[in-house]
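A.B. asks: Supplied structure: target-v8.txt, compact mmCIF, C-alpha atoms.
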# COMPACT_ATOMS: atom_id res chain seq x y z
CA MET A 220 100.70 103.46 87.39
CA PRO A 221 103.83 104.21 89.38
CA GLN A 222 103.81 103.34 93.04
CA PRO A 223 106.16 104.79 95.69
CA GLN A 224 108.70 102.21 96.80
CA PRO A 225 109.98 101.67 100.34
CA LEU A 226 113.26 103.20 101.39
CA PRO A 227 116.41 101.08 101.17
CA ARG A 228 116.83 98.94 104.29
CA GLU A 229 119.98 100.74 105.45
CA GLU A 230 118.27 104.14 105.21
CA ALA A 231 115.24 102.97 107.17
CA ALA A 232 117.48 101.47 109.84
CA ALA A 233 119.43 104.70 110.16
CA ALA A 234 116.21 106.58 110.84
CA GLY A 235 115.02 104.10 113.43
CA ALA A 236 112.28 102.81 111.18
CA GLY A 237 110.81 99.35 111.40
CA GLU A 238 110.45 99.29 115.19
CA GLY A 239 107.32 97.25 114.97
CA PRO A 240 106.93 93.55 115.67
CA GLY A 241 110.16 91.70 115.44
CA ALA A 242 112.45 94.72 115.74
CA GLY A 243 113.71 93.74 119.17
CA ALA A 244 115.24 90.54 117.86
CA GLY A 245 117.69 92.40 115.63
CA PRO A 246 117.74 92.41 111.86
CA ALA A 247 117.62 88.95 110.36
CA GLU A 248 119.49 88.23 107.15
CA PRO A 249 116.95 87.94 104.30
CA PRO A 250 116.90 84.42 102.83
CA GLU A 251 117.02 85.78 99.25
CA GLY A 252 114.56 83.17 98.02
CA GLY A 253 112.77 80.12 99.36
CA TRP A 254 109.31 81.08 100.61
CA GLY A 255 110.17 84.59 99.49
CA TRP A 256 109.34 83.68 95.89
CA VAL A 257 105.80 82.75 96.97
CA VAL A 258 105.56 86.06 98.82
CA MET A 259 106.78 87.82 95.69
CA LEU A 260 104.03 86.22 93.57
CA ALA A 261 101.40 87.11 96.19
CA ALA A 262 102.64 90.71 96.28
CA MET A 263 102.62 90.77 92.48
CA TRP A 264 98.98 89.68 92.49
CA CYS A 265 98.24 92.42 95.03
CA ASN A 266 99.77 95.12 92.83
CA GLY A 267 98.01 93.71 89.79
CA ALA A 268 94.58 93.43 91.39
CA VAL A 269 94.68 96.80 93.15
CA PHE A 270 96.21 98.97 90.44
CA GLY A 271 94.84 96.97 87.53
CA ILE A 272 91.35 97.93 88.67
CA GLN A 273 92.41 101.50 89.45
CA ASN A 274 94.18 101.94 86.11
CA SER A 275 91.13 100.60 84.27
CA CYS A 276 88.81 103.08 85.96
CA GLY A 277 88.35 104.87 82.65
CA VAL A 278 86.44 101.88 81.28
CA LEU A 279 84.26 101.79 84.40
CA PHE A 280 83.83 105.57 84.21
CA VAL A 281 82.31 105.42 80.73
CA SER A 282 80.00 102.59 81.76
CA MET A 283 78.91 104.37 84.97
CA LEU A 284 78.26 107.55 83.04
CA GLN A 285 76.06 105.73 80.53
CA HIS A 286 74.19 103.88 83.27
CA PHE A 287 73.53 106.75 85.69
CA GLY A 288 73.18 109.64 83.25
CA GLY A 289 74.46 110.27 79.76
CA SER A 290 77.69 111.06 77.99
CA GLU A 291 76.43 114.57 77.23
CA ASP A 292 75.48 115.37 80.84
CA ARG A 293 78.45 117.37 82.15
CA GLN A 294 77.13 117.51 85.69
CA MET A 295 76.82 113.74 85.80
CA ALA A 296 80.29 113.39 84.26
CA PHE A 297 81.67 115.49 87.11
CA LYS A 298 79.87 113.40 89.73
CA THR A 299 80.98 110.13 88.13
CA ALA A 300 84.60 111.22 87.86
CA TRP A 301 84.61 111.80 91.60
CA VAL A 302 84.08 108.08 92.20
CA SER A 303 87.32 107.02 90.53
CA SER A 304 89.27 110.07 91.69
CA LEU A 305 88.24 109.52 95.29
CA SER A 306 89.18 105.86 95.05
CA MET A 307 92.66 106.60 93.69
CA GLY A 308 93.25 109.31 96.27
CA MET A 309 92.19 107.20 99.23
CA VAL A 310 94.60 104.40 98.30
CA PHE A 311 97.54 106.71 98.97
CA PHE A 312 95.88 108.98 101.54
CA CYS A 313 95.56 106.03 103.92
CA SER A 314 99.24 105.07 103.57
CA PRO A 315 100.48 106.73 106.80
CA ILE A 316 97.76 105.00 108.81
CA VAL A 317 98.47 101.68 107.12
CA SER A 318 102.16 102.01 107.93
CA ILE A 319 101.37 102.44 111.64
CA PHE A 320 99.04 99.44 111.64
CA THR A 321 101.65 97.37 109.80
CA ASP A 322 104.24 98.19 112.47
CA LEU A 323 101.79 97.34 115.24
CA PHE A 324 100.12 94.20 113.91
CA GLY A 325 102.38 92.90 111.14
CA CYS A 326 102.05 92.57 107.38
CA ARG A 327 99.86 89.47 107.29
CA LYS A 328 97.02 90.69 109.51
CA VAL A 329 96.85 94.12 107.90
CA ALA A 330 96.92 92.73 104.35
CA VAL A 331 94.25 90.08 105.00
CA ILE A 332 91.87 92.49 106.75
CA GLY A 333 92.46 95.10 104.04
CA ALA A 334 91.63 92.65 101.27
CA ALA A 335 88.46 91.62 103.13
CA VAL A 336 87.36 95.26 103.47
CA GLY A 337 88.11 95.88 99.79
CA PHE A 338 86.06 92.81 98.86
CA VAL A 339 83.09 94.07 100.87
CA GLY A 340 83.39 97.55 99.36
CA LEU A 341 83.53 96.27 95.78
CA LEU A 342 80.69 93.81 96.31
CA SER A 343 78.45 96.44 97.92
CA SER A 344 79.19 98.76 94.98
CA SER A 345 77.45 96.28 92.70
CA PHE A 346 74.10 96.76 94.47
CA VAL A 347 73.72 100.56 94.33
CA SER A 348 70.99 102.25 92.32
CA THR A 349 72.38 105.81 92.24
CA ILE A 350 75.84 107.34 91.89
CA GLU A 351 76.07 108.84 95.40
CA PRO A 352 76.51 105.60 97.40
CA LEU A 353 79.50 104.74 95.20
CA TYR A 354 81.42 107.58 96.84
CA PHE A 355 81.47 105.52 100.02
CA THR A 356 81.37 101.90 98.79
CA TYR A 357 83.85 102.28 95.91
CA GLY A 358 85.60 105.56 96.66
CA VAL A 359 86.22 105.01 100.37
CA LEU A 360 85.55 101.43 101.51
CA PHE A 361 87.03 99.62 98.52
CA ALA A 362 89.95 102.06 98.23
CA CYS A 363 90.83 101.91 101.94
CA GLY A 364 90.79 98.12 101.77
CA CYS A 365 93.11 98.25 98.77
CA SER A 366 95.45 100.57 100.64
CA PHE A 367 95.62 98.25 103.64
CA ALA A 368 96.31 95.30 101.35
CA TYR A 369 98.84 97.11 99.15
CA GLN A 370 101.23 98.68 101.67
CA PRO A 371 102.22 95.42 103.43
CA SER A 372 102.94 93.83 100.04
CA LEU A 373 105.89 96.22 99.68
CA VAL A 374 107.06 96.04 103.27
CA ILE A 375 107.21 92.24 103.34
CA LEU A 376 109.57 92.12 100.37
CA GLY A 377 112.35 93.67 102.46
CA HIS A 378 112.01 90.79 104.92
CA TYR A 379 112.87 88.18 102.30
CA PHE A 380 115.19 90.01 99.89
CA LYS A 381 118.09 92.43 100.09
CA LYS A 382 120.54 91.83 97.24
CA ARG A 383 117.70 91.19 94.78
CA LEU A 384 115.26 93.67 96.29
CA GLY A 385 115.32 96.00 93.29
CA LEU A 386 114.62 93.21 90.82
CA VAL A 387 111.91 91.74 93.03
CA ASN A 388 110.28 95.15 93.43
CA GLY A 389 110.36 95.52 89.66
CA ILE A 390 108.68 92.15 89.15
CA VAL A 391 106.06 92.85 91.82
CA THR A 392 105.12 96.29 90.52
CA ALA A 393 105.08 94.91 86.98
CA GLY A 394 101.99 93.03 88.15
CA SER A 395 100.03 96.27 87.82
CA SER A 396 101.31 96.62 84.25
CA LEU A 397 100.28 93.06 83.41
CA PHE A 398 96.77 93.64 84.72
CA THR A 399 96.61 97.05 83.03
CA VAL A 400 97.32 95.36 79.70
CA THR A 401 94.63 92.69 80.05
CA LEU A 402 91.94 94.02 82.39
CA PRO A 403 90.51 96.85 80.20
CA PHE A 404 89.72 94.40 77.40
CA LEU A 405 88.20 91.94 79.87
CA LEU A 406 86.11 94.68 81.46
CA ARG A 407 84.81 95.77 78.07
CA VAL A 408 83.75 92.22 77.21
CA LEU A 409 82.12 91.72 80.63
CA ILE A 410 80.29 95.05 80.58
CA ASP A 411 78.91 94.37 77.11
CA SER A 412 77.90 90.83 78.12
CA VAL A 413 76.68 90.98 81.72
CA ASP A 414 76.36 94.74 82.47
CA LEU A 415 78.29 96.97 84.90
CA PHE A 416 77.14 95.57 88.22
CA ASN A 417 77.78 91.93 87.39
CA THR A 418 81.21 93.02 86.17
CA LEU A 419 81.94 94.48 89.60
CA ARG A 420 80.94 91.15 91.13
CA VAL A 421 83.35 89.35 88.83
CA LEU A 422 86.11 91.72 89.98
CA CYS A 423 85.38 90.59 93.53
CA VAL A 424 87.08 87.32 92.57
CA LEU A 425 90.37 89.24 92.26
CA MET A 426 89.90 90.65 95.76
CA PHE A 427 89.07 87.22 97.19
CA ILE A 428 92.29 85.79 95.76
CA LEU A 429 94.09 88.81 97.20
CA PHE A 430 92.55 87.92 100.58
CA LEU A 431 94.04 84.44 100.34
CA ALA A 432 97.39 85.80 99.11
CA GLY A 433 97.74 87.87 102.27
CA PHE A 434 98.15 84.71 104.33
CA THR A 435 101.48 84.03 102.58
CA TYR A 436 103.11 87.07 104.26
CA LYS A 437 104.82 84.94 106.88
CA PRO A 438 106.84 87.00 109.39
CA LEU A 439 110.44 85.86 109.70
CA VAL A 440 111.24 87.36 113.12
CA SER A 441 109.27 87.23 116.34
CA ASN A 442 110.89 88.67 119.43
CA ALA A 443 110.48 87.52 123.03
CA LYS A 444 108.15 90.37 123.91
CA ASP A 445 105.72 89.40 121.15
CA LYS A 446 105.70 85.80 122.41
CA ASP A 447 104.94 86.94 125.97
CA VAL A 448 102.07 89.09 124.72
CA ALA A 449 100.66 86.14 122.80
CA LYS A 450 100.77 83.93 125.90
CA LYS A 451 99.09 86.50 128.13
CA GLY A 452 96.50 87.33 125.47
CA LYS A 453 96.96 91.05 126.06
CA PHE A 454 98.06 93.76 123.68
CA ARG A 455 99.63 97.03 124.70
CA PHE A 456 100.29 99.90 122.37
CA PRO A 457 103.95 100.85 122.18
CA PRO A 458 105.09 104.35 123.23
CA GLU A 459 103.81 107.21 121.12
CA LYS A 460 107.32 107.97 119.84
CA LYS A 461 107.47 104.54 118.23
CA ILE A 462 104.10 105.00 116.52
CA PHE A 463 104.79 108.52 115.29
CA ASN A 464 108.48 108.26 114.48
CA PHE A 465 109.27 111.73 113.13
CA SER A 466 113.00 111.14 113.53
CA VAL A 467 112.94 109.60 110.07
CA PHE A 468 112.66 113.13 108.65
CA LYS A 469 116.21 113.76 109.83
CA VAL A 470 117.41 111.59 106.96
CA MET A 471 117.95 113.70 103.86
CA SER A 472 117.10 110.90 101.43
CA TYR A 473 113.79 110.30 103.19
CA ARG A 474 112.86 114.00 103.00
CA ILE A 475 113.60 114.02 99.28
CA TRP A 476 111.54 110.86 98.80
CA ALA A 477 108.62 111.96 101.02
CA PHE A 478 108.19 115.37 99.40
CA GLY A 479 109.48 114.60 95.92
CA ILE A 480 107.16 111.71 95.09
CA PRO A 481 103.86 113.55 95.86
CA ALA A 482 105.06 116.55 93.84
CA ALA A 483 106.06 114.30 90.95
CA LEU A 484 102.77 112.42 90.92
CA PHE A 485 100.57 115.50 91.16
CA GLY A 486 98.12 115.24 88.30
CA TYR A 487 99.55 111.95 87.01
CA PHE A 488 96.37 109.96 87.65
CA VAL A 489 94.02 112.34 85.84
CA PRO A 490 94.44 110.65 82.41
CA TYR A 491 93.47 107.27 83.85
CA VAL A 492 90.06 108.68 84.81
CA HIS A 493 89.26 110.66 81.65
CA LEU A 494 91.39 109.03 78.93
CA MET A 495 88.77 106.54 77.77
CA LYS A 496 86.01 109.11 77.44
CA HIS A 497 88.40 111.56 75.75
CA VAL A 498 89.27 109.01 73.06
CA LYS A 499 85.61 108.11 72.57
CA ASP A 500 84.57 111.76 72.23
CA ARG A 501 87.41 112.63 69.86
CA PHE A 502 87.61 109.57 67.62
CA GLY A 503 84.20 107.96 68.09
CA ASP A 504 83.83 104.21 67.68
CA ASN A 505 86.57 103.98 65.05
CA VAL A 506 89.30 103.54 67.68
CA ARG A 507 89.34 101.06 70.55
CA GLU A 508 90.13 103.24 73.54
CA GLU A 509 91.52 100.28 75.54
CA VAL A 510 94.56 100.18 73.22
CA LEU A 511 96.00 103.24 74.96
CA LEU A 512 95.95 101.46 78.30
CA LEU A 513 97.56 98.48 76.59
CA CYS A 514 100.46 100.67 75.44
CA LEU A 515 100.80 102.28 78.86
CA GLY A 516 100.84 98.88 80.55
CA ILE A 517 103.45 97.38 78.24
CA THR A 518 105.89 100.28 78.41
CA SER A 519 105.37 100.63 82.16
CA GLY A 520 106.06 96.94 82.75
CA ILE A 521 109.26 97.01 80.69
CA GLY A 522 110.46 100.07 82.58
CA ARG A 523 109.76 98.51 85.98
CA LEU A 524 111.73 95.37 85.18
CA ILE A 525 114.70 97.26 83.73
CA PHE A 526 115.01 99.92 86.41
CA GLY A 527 114.25 97.42 89.16
CA ARG A 528 117.34 95.51 88.14
CA VAL A 529 119.35 98.72 87.70
CA ALA A 530 118.45 99.74 91.26
CA ASP A 531 120.21 96.64 92.62
CA TYR A 532 123.51 98.11 91.39
CA ILE A 533 122.89 101.59 92.84
CA PRO A 534 124.05 101.96 96.46
CA GLY A 535 121.95 103.24 99.36
CA ALA A 536 120.08 106.50 99.12
CA LYS A 537 120.93 107.06 95.46
CA LYS A 538 118.05 104.70 94.64
CA VAL A 539 115.71 107.31 96.08
CA TYR A 540 117.23 110.09 93.98
CA LEU A 541 116.81 107.94 90.87
CA GLN A 542 113.16 107.26 91.65
CA VAL A 543 112.32 110.91 92.33
CA CYS A 544 114.08 112.08 89.14
CA LEU A 545 112.28 109.49 87.01
CA HIS A 546 108.93 110.43 88.52
CA MET A 547 109.56 114.10 87.78
CA VAL A 548 110.33 113.25 84.15
CA LEU A 549 107.16 111.14 84.04
CA LYS A 550 105.13 114.00 85.50
CA GLU A 551 106.29 116.44 82.81
CA TYR A 552 105.61 113.87 80.07
CA THR A 553 102.09 113.32 81.41
CA HIS A 554 101.38 117.05 81.43
CA ILE A 555 102.62 117.39 77.85
CA GLN A 556 100.43 114.41 76.93
CA ASN A 557 97.40 116.12 78.46
CA VAL A 558 98.01 119.26 76.36
CA PHE A 559 97.94 117.32 73.11
Could you spell out this file's structure in structure tokens?
C.D. replies:
Amino acid sequence: MPQPQPLPREEAAAAGAGEGPGAGAGPAEPPEGGWGWVVMLAAMWCNGAVFGIQNSCGVLFVSMLQHFGGSEDRQMAFKTAWVSSLSMGMVFFCSPIVSIFTDLFGCRKVAVIGAAVGFVGLLSSSFVSTIEPLYFTYGVLFACGCSFAYQPSLVILGHYFKKRLGLVNGIVTAGSSLFTVTLPFLLRVLIDSVDLFNTLRVLCVLMFILFLAGFTYKPLVSNAKDKDVAKKGKFRFPPEKKIFNFSVFKVMSYRIWAFGIPAALFGYFVPYVHLMKHVKDRFGDNVREEVLLLCLGITSGIGRLIFGRVADYIPGAKKVYLQVCLHMVLKEYTHIQNVF
């Protein structure tokens, strides 16, 4: 599953972005390693846990459909599909809010609280008796927690890396590919062995580790104002212009990125919801439907690593143009795939 990447540091600075905690101290030179490698592994786990579960929703969809209704019940199929679709949508729908909270409170706090909320949402989903409560527990609560945990995992990388940021982003986002390769097979074994709800409880282990991983997002810069606030024990919201910084839209590369990525990803996630059931309906039990997710995960991971490294050699805003173009190509390929 492709995830939108943050703007290059120089583009964000030109737009006045990043005026949250630590901005008053001036930009610090990223260490290009050290504790940053631990942060990279934690962010990789975040991408793997969040999007590994989301990408494997087709396996959960088939199991939910069998548990709450039947594979031939079209009305129940529609209701069940809404659970995964709502969850995927909420992960990205919450992104603007998460960005504001990250600027206000920092990456660590937002990521830790988000992982805790996601854990609660996933755990509560394992105790429902009908499909409707899953709209809130899995589709909203779990997804919002994932969104709050995911966004800081990208932001924090720019604090520790600059020259290697493309490669590090590639490695981190390859975490979702690694989990996409392995998790569908694990879910199938767990569902067949311990049923759907106990499988969801096992997945809570991933969210608990994600909760612990959030504590590794150590901020590198803390300005004098932040220290004074900590001593006084009071928190004041910054001016509204700093929270809603629309000046970033003056940057051409940001406008292309902000409007190009949603257009490119429109409809991309549909196969992840219905692919498993489509294979089962068309080929029966003769084909293991998880193999398709295996292929998607492998090719996606290879692409992330290659183009992550390529991006390190592309200056400034041209990285954004490359990303948008590749997403548009991916969108067209996905639509062609849906036709056949």
A.B. asks: Could you state the separation of atom CA of Val336 of chain A and atom CA of Tyr369 of chain A in Å, given to one decimal place?
C.D. replies: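 Spanning atom CA of Val336 of chain A to atom CA of Tyr369 of chain A is a straight-line distance of 12.4 Å.
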A.B. asks: Counting only C-alpha atoms, which residues sit no farther than 7 Å from the position (96.3, 91.7, 87.5) in the file's frame? I'd like them as a PDB file with C-alpha atoms, in the coordinates of the input.
C.D. replies:
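Output file part-v3.pdb follows:
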ATOM      1  CA  TRP A 264      98.980  89.680  92.490  1.00  0.00           C
ATOM      2  CA  GLY A 267      98.010  93.710  89.790  1.00  0.00           C
ATOM      3  CA  ALA A 268      94.580  93.430  91.390  1.00  0.00           C
ATOM      4  CA  GLY A 271      94.840  96.970  87.530  1.00  0.00           C
ATOM      5  CA  GLY A 394     101.990  93.030  88.150  1.00  0.00           C
ATOM      6  CA  SER A 395     100.030  96.270  87.820  1.00  0.00           C
ATOM      7  CA  LEU A 397     100.280  93.060  83.410  1.00  0.00           C
ATOM      8  CA  PHE A 398      96.770  93.640  84.720  1.00  0.00           C
ATOM      9  CA  THR A 399      96.610  97.050  83.030  1.00  0.00           C
TER      10      THR A 399
END
A.B. asks: Write out as a PDB file with C-alpha atoms, in the frame of the given file each polymer residue whose atoms come within 6 Å of Gly333 of chain A, counting only C-alpha atoms; drop sequence neighbours fewer than 4 positions from it.
C.D. replies:
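What landed in part.pdb:
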ATOM      1  CA  VAL A 329      96.850  94.120 107.900  1.00  0.00           C
ATOM      2  CA  GLY A 364      90.790  98.120 101.770  1.00  0.00           C
ATOM      3  CA  PHE A 367      95.620  98.250 103.640  1.00  0.00           C
ATOM      4  CA  ALA A 368      96.310  95.300 101.350  1.00  0.00           C
TER       5      ALA A 368
END
A.B. asks: Figure out the distance between atom CA of Val424 of chain A and atom CA of Lys437 of chain A, please, to one decimal in Å.
C.D. replies: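 We find that atom CA of Lys437 of chain A and atom CA of Val424 of chain A lie 22.9 Å from each other.
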A.B. asks: Which residue, A:Leu429, A:Val391, A:Val258, A:Met283, has the smallest gap to Lys298 of chain A when you use only C-alpha atoms?
C.D. replies: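 Of all the options, A:Met283 lies closest to Lys298 of chain A.
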A.B. asks: For Leu431 of chain A, work out the shell of residues within 10 Å, counting all atoms listed in the file and skipping chain neighbours fewer than 5 positions away, then give it as a PyMOL selection string.
C.D. replies: chain A and resi 261+330-331+334-335+426
A.B. asks: In Å, rounded to a single decimal, give me how far atom CA of Ile428 of chain A is from atom CA of Ile350 of chain A.
C.D. replies: 27.4 Å
